[in-house]
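Beneath this line is the structure, given in structure tokens, with notes to follow.
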Amino acid sequence: MKLTTITMVTVDGVMQGLGGADEDRRGGFDRGGWVTPYADNESMGFLNEVYGRADAFLFGRRTYEIFAGSWGTWDDPGDSPIWTALNTQPKYVASTTLTEPRWANTTVLSGDVAAAIGELKAEPAGELQVHGSGGLIRWLLDNQLVDEITLLTVPVVVGQGTRLFPDTGPDAALDLVDSRSTPRGVTIQVYQPTGRPRYETATPTPST
């Protein structure tokens with residue numbers, strides 16, 4: 001099973017509070033809902049396609065609770081591939097504190113998370129998707145468990161908030177396998193990690 005991450009970020013790399021003003025106010029973040037003005041038919045069509053091919057979902061606790069409190073409580077609209085996927089496919093949550101998940105078809109991974117994810121990835125086929133869940137994505141990248149990274153970069157700089165990639169962390173080379181843009185300027189890029197980057201070696205200055 002291929003593990004893919006799908007993340008909406010601003011141009012300055014922020015992923016916090018994209019959906020609404022009160023979605024995630026940690027650290028005094030007051031610029032939530034930045035994705036809404038840039039949503040268009042093409043970006044939504046892409047997301048519908050992505051969710052529609054998911055065989056299972058993996059979440060960190062905070063993103064899981066946001067999704068469970070929204071997608072998990074809304075009535076079936078009858079025409080949403082995202083709603084259908086989230087409410088019918090298996091969901092896994094990496095958490096040591098969540099004990100009673102309120103969303104049907106949820107399994108909590110609270111022990112050896114790396115081993116549990118390894119078992120899921122050992123399935124013969126399918127796609128395990130991670131949406132949001134920045135802390136979990138960083139941990140998955142640290143442990144080289146990610147097969148594909150999709151970034152939807154929204155043309156806005158918010159100037160504050162939690163970023164997908166930390167100021168310091170492991171490095172990774174990426175192979176761009178798909179790229180497109182939407183009418184409202186959202187760029188969609190799909191990458192596959194290919195190991196560590198290659199860097200130039202400093203040339204010693206000859207002595208005179």
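Starting from 1 in every chain, residues are counted up; chains themselves are A, B, ... following the order of the structure tokens, and ligands are numbered from 1 as listed.
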Near Leu120 (chain A), within 12 Å and counting only C-alpha atoms, which residues show up once chain neighbours fewer than 2 positions away are dropped, as a PyMOL selection string? chain A and resi 1-3+55-58+90-92+109+113-118+122-129+145
Between CA of Arg26 (chain A) and CA of Val93 (chain A), measure the distance and give it in Å to one decimal. 20.5 Å
All strand (DSSP E) residues (DSSP, backbone) inside chain A, as a PyMOL selection string: chain A and resi 2-10+56-60+91-94+106-109+127-131+148-154+174-181+187-193
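In terms of minimum interatomic distance to Pro197 (chain A), A:Ala172 ranks closest within A:Ala172, A:Asp24, A:Ser70, A:Thr107, counting only C-alpha atoms.
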Extract the full set of helix (DSSP H, G or I) residues from region 10-200 of chain A according to DSSP on the backbone, and format it as a ChimeraX atom specification. /A:26-28,36-38,41-52,61-68,81-88,113-121,134-142
Could you produce a table of the residues of region 98-134 of chain A lying within 10 Å of region 148-169 of chain A, with the nearest pair of atoms per residue and their separation in Å rounded to one decimal, using only C-alpha atoms, ordered by chain and increasing residue number, as JSON lines?
```
{"residue": "A:Gln129", "atom": "CA", "partner": "A:Glu148", "partner_atom": "CA", "distance": 9.6}
{"residue": "A:Val130", "atom": "CA", "partner": "A:Ile149", "partner_atom": "CA", "distance": 9.6}
{"residue": "A:His131", "atom": "CA", "partner": "A:Thr150", "partner_atom": "CA", "distance": 9.8}
{"residue": "A:Gly132", "atom": "CA", "partner": "A:Leu164", "partner_atom": "CA", "distance": 9.1}
{"residue": "A:Ser133", "atom": "CA", "partner": "A:Leu164", "partner_atom": "CA", "distance": 9.2}
{"residue": "A:Gly134", "atom": "CA", "partner": "A:Leu164", "partner_atom": "CA", "distance": 5.7}
```
Export N, CA, C and O atoms of the chosen residues as a PDB file, in the first residue's frame?
```
ATOM      1  N   GLN A 129      -3.837   7.442   2.694  1.00  0.00           N
ATOM      2  CA  GLN A 129      -3.679   8.882   2.549  1.00  0.00           C
ATOM      3  C   GLN A 129      -3.611   9.589   3.898  1.00  0.00           C
ATOM      4  O   GLN A 129      -4.344   9.251   4.828  1.00  0.00           O
ATOM      5  N   VAL A 130      -2.744  10.601   3.956  1.00  0.00           N
ATOM      6  CA  VAL A 130      -2.613  11.464   5.128  1.00  0.00           C
ATOM      7  C   VAL A 130      -2.983  12.874   4.704  1.00  0.00           C
ATOM      8  O   VAL A 130      -2.317  13.468   3.842  1.00  0.00           O
ATOM      9  N   HIS A 131      -4.034  13.421   5.294  1.00  0.00           N
ATOM     10  CA  HIS A 131      -4.454  14.795   5.027  1.00  0.00           C
ATOM     11  C   HIS A 131      -4.223  15.618   6.293  1.00  0.00           C
ATOM     12  O   HIS A 131      -4.494  15.164   7.409  1.00  0.00           O
ATOM     13  N   GLY A 132      -3.760  16.875   6.110  1.00  0.00           N
ATOM     14  CA  GLY A 132      -3.448  17.683   7.291  1.00  0.00           C
ATOM     15  C   GLY A 132      -2.366  17.005   8.106  1.00  0.00           C
ATOM     16  O   GLY A 132      -1.363  16.539   7.568  1.00  0.00           O
ATOM     17  N   SER A 133      -2.554  16.962   9.444  1.00  0.00           N
ATOM     18  CA  SER A 133      -1.707  16.134  10.312  1.00  0.00           C
ATOM     19  C   SER A 133      -0.221  16.471  10.158  1.00  0.00           C
ATOM     20  O   SER A 133       0.612  15.603   9.915  1.00  0.00           O
ATOM     21  N   GLY A 134       0.103  17.764  10.320  1.00  0.00           N
ATOM     22  CA  GLY A 134       1.473  18.205  10.085  1.00  0.00           C
ATOM     23  C   GLY A 134       2.507  17.500  10.940  1.00  0.00           C
ATOM     24  O   GLY A 134       3.559  17.090  10.441  1.00  0.00           O
TER      25      GLY A 134
END
```
Which neighbours of region 47-53 of chain A fall inside 8 Å, counting only C-alpha atoms, when residues of the same chain fewer than 4 positions from it are skipped, and could you give them as an MDAnalysis selection string? chainID A and resid 43 80:82 85:86 127
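Distances from A:Phe46, A:Pro206, A:Thr4, A:Arg31 to Gln16 (chain A) were compared using only C-alpha atoms, and the smallest one belongs to A:Arg31.
Interatomic distance, CA of Gly13 (chain A) to CA of Trp83 (chain A): 26.7 Å.
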Near Arg196 (chain A), within 12 Å and counting only C-alpha atoms, which residues show up once chain neighbours fewer than 4 positions away are dropped, as a CSV table (one decimal) with all heavy atoms, in the first residue's frame?
```csv
chain,number,residue,atom,x,y,z
A,141,LEU,N,8.0,11.5,7.5
A,141,LEU,CA,9.2,11.8,6.7
A,141,LEU,C,10.5,11.5,7.4
A,141,LEU,O,11.4,11.0,6.8
A,141,LEU,CB,9.1,13.3,6.3
A,141,LEU,CG,8.0,13.7,5.3
A,141,LEU,CD1,8.0,15.2,5.3
A,141,LEU,CD2,8.3,13.1,4.0
A,142,ASP,N,10.5,11.8,8.7
A,142,ASP,CA,11.7,11.5,9.5
A,142,ASP,C,12.0,10.0,9.5
A,142,ASP,O,13.2,9.5,9.5
A,142,ASP,CB,11.6,11.9,11.0
A,142,ASP,CG,11.6,13.4,11.2
A,142,ASP,OD1,12.0,14.1,10.2
A,142,ASP,OD2,11.3,13.9,12.3
A,144,GLN,N,11.1,7.9,7.0
A,144,GLN,CA,11.1,7.4,5.6
A,144,GLN,C,10.0,6.5,5.3
A,144,GLN,O,10.2,5.5,4.6
A,144,GLN,CB,12.5,6.8,5.3
A,144,GLN,CG,13.7,7.7,5.6
A,144,GLN,CD,15.0,7.1,5.3
A,144,GLN,OE1,15.2,5.9,5.3
A,144,GLN,NE2,16.0,7.9,5.1
A,170,PRO,N,15.4,16.7,8.8
A,170,PRO,CA,16.1,15.9,7.8
A,170,PRO,C,15.9,16.5,6.4
A,170,PRO,O,14.9,17.2,6.2
A,170,PRO,CB,15.5,14.6,8.0
A,170,PRO,CG,14.1,14.8,8.5
A,170,PRO,CD,14.3,16.0,9.4
A,171,ASP,N,16.9,16.3,5.6
A,171,ASP,CA,16.8,16.7,4.2
A,171,ASP,C,16.3,15.6,3.3
A,171,ASP,O,16.4,14.4,3.7
A,171,ASP,CB,18.1,17.3,3.7
A,171,ASP,CG,19.3,16.3,3.9
A,171,ASP,OD1,19.1,15.2,4.5
A,171,ASP,OD2,20.4,16.7,3.5
A,172,ALA,N,15.8,15.9,2.1
A,172,ALA,CA,15.2,14.9,1.2
A,172,ALA,C,15.3,15.5,-0.2
A,172,ALA,O,14.9,16.6,-0.4
A,172,ALA,CB,13.8,14.5,1.6
A,173,ALA,N,15.7,14.6,-1.1
A,173,ALA,CA,15.6,15.0,-2.5
A,173,ALA,C,14.2,14.5,-3.0
A,173,ALA,O,13.7,13.4,-2.6
A,173,ALA,CB,16.7,14.3,-3.3
A,174,LEU,N,13.6,15.3,-3.9
A,174,LEU,CA,12.3,15.0,-4.4
A,174,LEU,C,12.3,14.9,-5.9
A,174,LEU,O,12.9,15.8,-6.6
A,174,LEU,CB,11.3,16.0,-3.9
A,174,LEU,CG,11.1,16.2,-2.4
A,174,LEU,CD1,10.2,17.4,-2.1
A,174,LEU,CD2,10.7,15.0,-1.7
A,175,ASP,N,11.5,14.0,-6.5
A,175,ASP,CA,11.3,13.9,-7.9
A,175,ASP,C,9.9,14.4,-8.3
A,175,ASP,O,8.9,13.8,-7.8
A,175,ASP,CB,11.5,12.4,-8.4
A,175,ASP,CG,11.4,12.2,-9.9
A,175,ASP,OD1,11.6,13.3,-10.6
A,175,ASP,OD2,11.2,11.1,-10.3
```
For Pro183 (chain A), work out the shell of residues within 10 Å, counting only C-alpha atoms and skipping chain neighbours fewer than 5 positions away, then give it as a PyMOL selection string. chain A and resi 38-43
Could those residues be written to a file, using N, CA and C atoms, as a PDB file, in the first residue's frame?
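The file below, out-v9.pdb, is the result:
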```
ATOM      1  N   TYR A  38      -9.556  30.968  -2.670  1.00  0.00           N
ATOM      2  CA  TYR A  38      -8.831  30.416  -3.815  1.00  0.00           C
ATOM      3  C   TYR A  38      -9.381  29.075  -4.280  1.00  0.00           C
ATOM      4  N   ALA A  39     -10.423  28.594  -3.620  1.00  0.00           N
ATOM      5  CA  ALA A  39     -11.030  27.335  -4.049  1.00  0.00           C
ATOM      6  C   ALA A  39     -11.750  27.550  -5.377  1.00  0.00           C
ATOM      7  N   ASP A  40     -11.541  26.631  -6.305  1.00  0.00           N
ATOM      8  CA  ASP A  40     -12.226  26.706  -7.592  1.00  0.00           C
ATOM      9  C   ASP A  40     -12.584  25.300  -8.041  1.00  0.00           C
ATOM     10  N   ASN A  41     -13.291  25.211  -9.141  1.00  0.00           N
ATOM     11  CA  ASN A  41     -13.762  23.909  -9.608  1.00  0.00           C
ATOM     12  C   ASN A  41     -12.614  22.949  -9.891  1.00  0.00           C
ATOM     13  N   GLU A  42     -11.490  23.467 -10.390  1.00  0.00           N
ATOM     14  CA  GLU A  42     -10.391  22.584 -10.749  1.00  0.00           C
ATOM     15  C   GLU A  42      -9.710  22.012  -9.512  1.00  0.00           C
ATOM     16  N   SER A  43      -9.472  22.859  -8.502  1.00  0.00           N
ATOM     17  CA  SER A  43      -8.838  22.348  -7.285  1.00  0.00           C
ATOM     18  C   SER A  43      -9.760  21.386  -6.552  1.00  0.00           C
TER      19      SER A  43
END
```
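Distances from A:Leu98, A:Met8, A:Leu136, A:Leu176 to Gly60 (chain A) were compared using only C-alpha atoms, and the smallest one belongs to A:Leu136.
CA of Met15 (chain A) is positioned 15.5 Å from CA of Gln189 (chain A).
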With distances taken over only C-alpha atoms, which residue among A:Phe59, A:Tyr191, A:Trp103, A:Val108 lies nearest Trp74 (chain A)? A:Trp103
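Residue nearest Met44 (chain A), chosen from A:Asp30, A:Arg184, A:Ser95, A:Ile137 and counting only C-alpha atoms: A:Arg184.
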